[in-house]
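What follows is a single structure, written as structure tokens, with notes after it.
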Amino acid sequence: MAPPSSRRSSYSRRAQYGVFTGYVIAGVGALIGAILLALSLWRPASFNGPRTVAQDAVAPAAEASAEVRAESQNLIEAIRGYLRAGSQNAELKQEVELARIRLAEAEAIKRENARLKALLGLEQQENTRPVAVARLIGSSSASARRFAYLGAGSADGVRVGMPVRSPRGVVGRVLEVGRHSSRVLLLTDSQSVLPVRLTDSNVVAYAEGRGDSMLRIRLINLGINPLEKGDIFVTSGAGGYYRPGTAVAIVAEKTEDGALARIISDPAATDYVAIEEIWQPQAIRAAETPVEQSVADADDT
């Protein structure tokens, strides 16, 4: 066995060698670092190659990290969007419902403007100024009697007997007048009788109301029935109430003594109407005057 002093001396030498080697390595490393730092400051482009190689070496790892990060963000956004989808759907449904309401209102205003323009065009075409333009504000519910009510009365110049029409054709005539409203006898009323004629011939007839949406056309001259489905009847001017040439009805079914016809101006689909002057009031007064009185008046003159 070696004496203790020799073991301690060999151990001290190894320790000294190790410390010395560490200092040498540290010094060499510092020197290399200083040289590289000086070289990078003097010629920065010299490290482009190594830097590119290093970037290429870490690029796959960087791409994988970026992809993982993007996927995690997409997953988080998907979860967040799913959690917010309920409230967003409710808001979108409410917005769509409001849009539909606004669209319906706009369509209603558009149709109303079209009807008013049609009434204005009617006035300009015939060079006749209507007494009033009013809205149909109601109708009767009885099965045999057909009346409508106007939002205009004597304060607006409306009088009993005045014809009522829409841009499409005849609606009826004024039956009773109040201060601010009137009652209209519709063409479809069972007591309504209107002289009419075919548009393209001299065939004359009477349009009688049936209490429904149809009119019964009765020919004055019985014989061969010349009517065909689709024929259009207009006012003839007889009787003095209605101006001739206003649309009344279109033939739907041929009968032995005439036809069944649909009214052209359906009150149920009519909003605004024009109230016109009686076409020949003197003829109406003459028809209401007893024959004896008219003959006596003629003798006096």
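As shown in the structure tokens, the chain order sets the letters A, B, ...; within each chain, residues go from 1, and ligands are also counted from 1 in the order they appear.
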
Excluding Pro281 in chain A and any residue of its chain fewer than 4 positions from it, enumerate the residues within 9 Å of it, using only C-alpha atoms, and give them as a PyMOL selection string. chain A and resi 240-241+277+285-286

Contacts of range 172-182 of chain A at 6 Å (only C-alpha atoms; same-chain gap of 4+ positions) as a list in words: Tyr149, Leu150, Gly151, Ala152, Gly153, Ser154, Ala155, Val160, Gly161, Met162, Pro163, Val164, Leu186 and Leu187 of chain A

Selection from above, all heavy atoms, as a short mmCIF file (atom, residue, chain, number, x, y, z; two decimals), in the first residue's frame, can you write it?
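Result file selection_33.cif:
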data_model
loop_
_atom_site.label_atom_id
_atom_site.label_comp_id
_atom_site.auth_asym_id
_atom_site.auth_seq_id
_atom_site.Cartn_x
_atom_site.Cartn_y
_atom_site.Cartn_z
N TYR A 149 -119.04 50.91 -48.40
CA TYR A 149 -119.07 52.21 -47.72
C TYR A 149 -117.83 53.01 -48.09
O TYR A 149 -116.71 52.48 -48.10
CB TYR A 149 -119.16 52.02 -46.21
CG TYR A 149 -120.42 51.29 -45.81
CD1 TYR A 149 -120.44 49.90 -45.70
CD2 TYR A 149 -121.60 51.99 -45.56
CE1 TYR A 149 -121.58 49.22 -45.36
CE2 TYR A 149 -122.76 51.31 -45.20
CZ TYR A 149 -122.75 49.93 -45.11
OH TYR A 149 -123.91 49.25 -44.77
N LEU A 150 -118.06 54.29 -48.39
CA LEU A 150 -116.99 55.19 -48.81
C LEU A 150 -116.59 56.12 -47.68
O LEU A 150 -117.43 56.50 -46.85
CB LEU A 150 -117.46 56.06 -49.99
CG LEU A 150 -117.66 55.39 -51.34
CD1 LEU A 150 -118.24 56.39 -52.31
CD2 LEU A 150 -116.34 54.88 -51.86
N GLY A 151 -115.35 56.52 -47.68
CA GLY A 151 -114.87 57.51 -46.71
C GLY A 151 -115.03 58.93 -47.23
O GLY A 151 -114.15 59.77 -47.04
N ALA A 152 -116.14 59.21 -47.89
CA ALA A 152 -116.45 60.56 -48.39
C ALA A 152 -117.96 60.73 -48.39
O ALA A 152 -118.71 59.76 -48.61
CB ALA A 152 -115.90 60.76 -49.80
N GLY A 153 -118.42 61.97 -48.13
CA GLY A 153 -119.86 62.23 -48.05
C GLY A 153 -120.23 63.57 -48.63
O GLY A 153 -119.54 64.11 -49.50
N SER A 154 -121.33 64.11 -48.13
CA SER A 154 -121.84 65.38 -48.67
C SER A 154 -120.85 66.52 -48.48
O SER A 154 -120.81 67.45 -49.29
CB SER A 154 -123.17 65.72 -48.00
OG SER A 154 -122.99 65.83 -46.58
N ALA A 155 -120.02 66.45 -47.43
CA ALA A 155 -119.02 67.48 -47.23
C ALA A 155 -117.97 67.48 -48.34
O ALA A 155 -117.30 68.50 -48.56
CB ALA A 155 -118.34 67.29 -45.87
N VAL A 160 -126.42 61.49 -54.00
CA VAL A 160 -127.06 60.22 -54.32
C VAL A 160 -127.12 60.03 -55.83
O VAL A 160 -127.43 60.97 -56.58
CB VAL A 160 -128.48 60.17 -53.72
CG1 VAL A 160 -129.22 58.92 -54.19
CG2 VAL A 160 -128.42 60.22 -52.20
N GLY A 161 -126.83 58.82 -56.30
CA GLY A 161 -126.89 58.48 -57.70
C GLY A 161 -125.57 58.59 -58.44
O GLY A 161 -125.47 58.13 -59.59
N MET A 162 -124.56 59.21 -57.84
CA MET A 162 -123.28 59.38 -58.53
C MET A 162 -122.61 58.03 -58.75
O MET A 162 -122.60 57.18 -57.86
CB MET A 162 -122.35 60.29 -57.72
CG MET A 162 -122.76 61.75 -57.75
SD MET A 162 -121.57 62.80 -56.88
CE MET A 162 -122.18 64.42 -57.34
N PRO A 163 -122.06 57.81 -59.95
CA PRO A 163 -121.36 56.55 -60.22
C PRO A 163 -120.03 56.46 -59.48
O PRO A 163 -119.34 57.47 -59.29
CB PRO A 163 -121.15 56.56 -61.74
CG PRO A 163 -121.28 57.98 -62.14
CD PRO A 163 -122.14 58.67 -61.13
N VAL A 164 -119.67 55.25 -59.09
CA VAL A 164 -118.42 54.97 -58.38
C VAL A 164 -117.64 53.98 -59.23
O VAL A 164 -118.17 52.95 -59.64
CB VAL A 164 -118.69 54.39 -56.98
CG1 VAL A 164 -117.38 54.07 -56.28
CG2 VAL A 164 -119.52 55.36 -56.17
N LEU A 186 -123.52 48.12 -54.91
CA LEU A 186 -122.58 47.45 -55.79
C LEU A 186 -123.29 46.80 -56.97
O LEU A 186 -124.49 46.48 -56.89
CB LEU A 186 -121.79 46.39 -55.01
CG LEU A 186 -120.94 46.91 -53.84
CD1 LEU A 186 -120.28 45.75 -53.11
CD2 LEU A 186 -119.89 47.90 -54.32
N LEU A 187 -122.55 46.57 -58.05
CA LEU A 187 -123.13 45.94 -59.23
C LEU A 187 -123.65 44.54 -58.93
O LEU A 187 -124.57 44.05 -59.58
CB LEU A 187 -122.09 45.86 -60.36
CG LEU A 187 -121.63 47.19 -60.97
CD1 LEU A 187 -120.66 46.90 -62.11
CD2 LEU A 187 -122.81 48.00 -61.47
#

Residue neighbourhood Thr270 in chain A, 8 Å, only C-alpha atoms, exclusion window fewer than 5 positions, as a list of chain:residue names: A:Leu136, A:Ser166, A:Ser265

Pull all heavy atoms from the residues just selected and write them as a short mmCIF file (atom, residue, chain, number, x, y, z; two decimals), in the first residue's frame.
data_model
loop_
_atom_site.label_atom_id
_atom_site.label_comp_id
_atom_site.auth_asym_id
_atom_site.auth_seq_id
_atom_site.Cartn_x
_atom_site.Cartn_y
_atom_site.Cartn_z
N LEU A 136 -112.62 52.68 -50.10
CA LEU A 136 -113.70 51.80 -49.66
C LEU A 136 -113.38 51.31 -48.26
O LEU A 136 -112.39 50.61 -48.06
CB LEU A 136 -113.84 50.62 -50.62
CG LEU A 136 -114.40 50.92 -52.02
CD1 LEU A 136 -114.40 49.65 -52.86
CD2 LEU A 136 -115.79 51.50 -51.94
N SER A 166 -113.45 52.32 -60.23
CA SER A 166 -112.03 52.16 -59.96
C SER A 166 -111.29 52.28 -61.29
O SER A 166 -111.93 52.43 -62.34
CB SER A 166 -111.77 50.79 -59.33
OG SER A 166 -111.91 49.77 -60.31
N SER A 265 -114.20 44.98 -62.10
CA SER A 265 -113.69 45.74 -60.95
C SER A 265 -114.26 45.14 -59.67
O SER A 265 -115.34 45.51 -59.21
CB SER A 265 -114.08 47.21 -61.07
OG SER A 265 -113.56 47.95 -59.98
#

Give me the residues near Pro244 in chain A as a short mmCIF file (atom, residue, chain, number, x, y, z; two decimals) with C-alpha atoms, in the first residue's frame, where near means some atom within 9 Å (using only C-alpha atoms) and where sequence neighbours in that chain fewer than 2 positions away do not count.
data_model
loop_
_atom_site.label_atom_id
_atom_site.label_comp_id
_atom_site.auth_asym_id
_atom_site.auth_seq_id
_atom_site.Cartn_x
_atom_site.Cartn_y
_atom_site.Cartn_z
CA VAL A 196 -124.53 47.39 -70.98
CA VAL A 234 -119.15 48.07 -71.03
CA THR A 235 -121.68 50.68 -69.95
CA SER A 236 -124.01 51.76 -72.76
CA GLY A 237 -124.92 55.17 -71.30
CA ALA A 238 -128.61 54.30 -71.20
CA TYR A 242 -122.93 56.04 -66.13
CA THR A 246 -116.68 51.98 -68.91
CA TRP A 279 -123.50 61.65 -66.78
#

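The spacing separating CA of Gly209 in chain A from CA of Ala252 in chain A amounts to 14.6 Å.
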
Would you kindly return, as a PyMOL selection string, each protein, DNA or RNA residue with an atom no farther than 12 Å from any atom of Asn202 in chain A, considering only C-alpha atoms and excluding same-chain residues fewer than 2 positions away? chain A and resi 196-200+204-205+219-221+226-227+233-236

Restricted to C-alpha atoms, what would the selected residues look like written as a short mmCIF file (atom, residue, chain, number, x, y, z; two decimals), in the first residue's frame?
data_model
loop_
_atom_site.label_atom_id
_atom_site.label_comp_id
_atom_site.auth_asym_id
_atom_site.auth_seq_id
_atom_site.Cartn_x
_atom_site.Cartn_y
_atom_site.Cartn_z
CA VAL A 196 -124.53 47.39 -70.98
CA ARG A 197 -123.33 46.57 -74.48
CA LEU A 198 -120.58 44.52 -76.11
CA THR A 199 -117.38 46.39 -76.81
CA ASP A 200 -117.11 45.33 -80.46
CA VAL A 204 -127.15 45.50 -75.81
CA ALA A 205 -128.24 43.86 -72.59
CA LEU A 219 -130.01 40.20 -73.85
CA ILE A 220 -132.66 42.70 -74.90
CA ASN A 221 -133.12 41.18 -78.36
CA PRO A 226 -124.05 35.81 -80.19
CA LEU A 227 -122.11 35.86 -76.92
CA PHE A 233 -119.35 44.32 -71.66
CA VAL A 234 -119.15 48.07 -71.03
CA THR A 235 -121.68 50.68 -69.95
CA SER A 236 -124.01 51.76 -72.76
#

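Among the candidates A:Val158, A:Val251, A:Ala261, A:Leu222, the one nearest to Ile278 in chain A when counting only C-alpha atoms is A:Val158.
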
Per DSSP on the backbone, filter range 138-285 of chain A down to the residues in helix (DSSP H, G or I) and report them as an MDAnalysis selection string. chainID A and resid 154:156 267:269 281:285

Would you write out those residues with C-alpha atoms, as a short mmCIF file (atom, residue, chain, number, x, y, z; two decimals), in the first residue's frame?
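Written output follows (part.cif):
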data_model
loop_
_atom_site.label_atom_id
_atom_site.label_comp_id
_atom_site.auth_asym_id
_atom_site.auth_seq_id
_atom_site.Cartn_x
_atom_site.Cartn_y
_atom_site.Cartn_z
CA SER A 154 -121.84 65.38 -48.67
CA ALA A 155 -119.02 67.48 -47.23
CA ASP A 156 -116.90 66.27 -50.14
CA PRO A 267 -114.70 45.63 -54.79
CA ALA A 268 -112.87 43.11 -52.61
CA ALA A 269 -109.67 43.88 -54.53
CA PRO A 281 -128.88 64.25 -64.76
CA GLN A 282 -131.59 65.75 -66.95
CA ALA A 283 -132.37 62.33 -68.42
CA ILE A 284 -132.73 60.91 -64.92
CA ARG A 285 -135.08 63.72 -63.87
#

Go ahead and compute the interatomic distance for CA of Val170 in chain A and CA of Gly211 in chain A, in Å to one decimal. 16.3 Å

Determine which residues of range 116-236 of chain A receive a DSSP assignment of strand (DSSP E or B), computed from the backbone, and state them as a ChimeraX atom specification. /A:132-139,147-150,163-165,170-177,182-186,193-198,204-209,214-219,232-235

Polymer residues at most 12 Å from Gly223 in chain A, only C-alpha atoms, same-chain spacing of 6 or more positions, as a PDB file with all heavy atoms, in the first residue's frame:
ATOM      1  N   VAL A 203    -124.617  44.822 -79.675  1.00  0.00           N
ATOM      2  CA  VAL A 203    -125.417  43.946 -78.826  1.00  0.00           C
ATOM      3  C   VAL A 203    -125.590  44.602 -77.461  1.00  0.00           C
ATOM      4  O   VAL A 203    -124.609  44.921 -76.781  1.00  0.00           O
ATOM      5  CB  VAL A 203    -124.752  42.569 -78.677  1.00  0.00           C
ATOM      6  CG1 VAL A 203    -125.544  41.688 -77.714  1.00  0.00           C
ATOM      7  CG2 VAL A 203    -124.640  41.890 -80.031  1.00  0.00           C
ATOM      8  N   GLU A 256    -128.997  30.490 -72.128  1.00  0.00           N
ATOM      9  CA  GLU A 256    -129.981  30.557 -73.204  1.00  0.00           C
ATOM     10  C   GLU A 256    -130.341  31.998 -73.565  1.00  0.00           C
ATOM     11  O   GLU A 256    -130.512  32.329 -74.735  1.00  0.00           O
ATOM     12  CB  GLU A 256    -131.247  29.792 -72.800  1.00  0.00           C
ATOM     13  CG  GLU A 256    -131.032  28.284 -72.682  1.00  0.00           C
ATOM     14  CD  GLU A 256    -132.304  27.559 -72.334  1.00  0.00           C
ATOM     15  OE1 GLU A 256    -133.344  28.250 -72.159  1.00  0.00           O
ATOM     16  OE2 GLU A 256    -132.287  26.316 -72.253  1.00  0.00           O
ATOM     17  N   ASP A 257    -130.507  32.845 -72.545  1.00  0.00           N
ATOM     18  CA  ASP A 257    -130.931  34.221 -72.805  1.00  0.00           C
ATOM     19  C   ASP A 257    -129.812  35.239 -72.617  1.00  0.00           C
ATOM     20  O   ASP A 257    -130.062  36.440 -72.566  1.00  0.00           O
ATOM     21  CB  ASP A 257    -132.107  34.598 -71.896  1.00  0.00           C
ATOM     22  CG  ASP A 257    -131.741  34.469 -70.416  1.00  0.00           C
ATOM     23  OD1 ASP A 257    -130.686  33.865 -70.116  1.00  0.00           O
ATOM     24  OD2 ASP A 257    -132.507  34.964 -69.571  1.00  0.00           O
ATOM     25  N   GLY A 258    -128.583  34.785 -72.473  1.00  0.00           N
ATOM     26  CA  GLY A 258    -127.483  35.716 -72.281  1.00  0.00           C
ATOM     27  C   GLY A 258    -126.223  35.013 -71.811  1.00  0.00           C
ATOM     28  O   GLY A 258    -125.692  34.134 -72.495  1.00  0.00           O
TER      29      GLY A 258
END
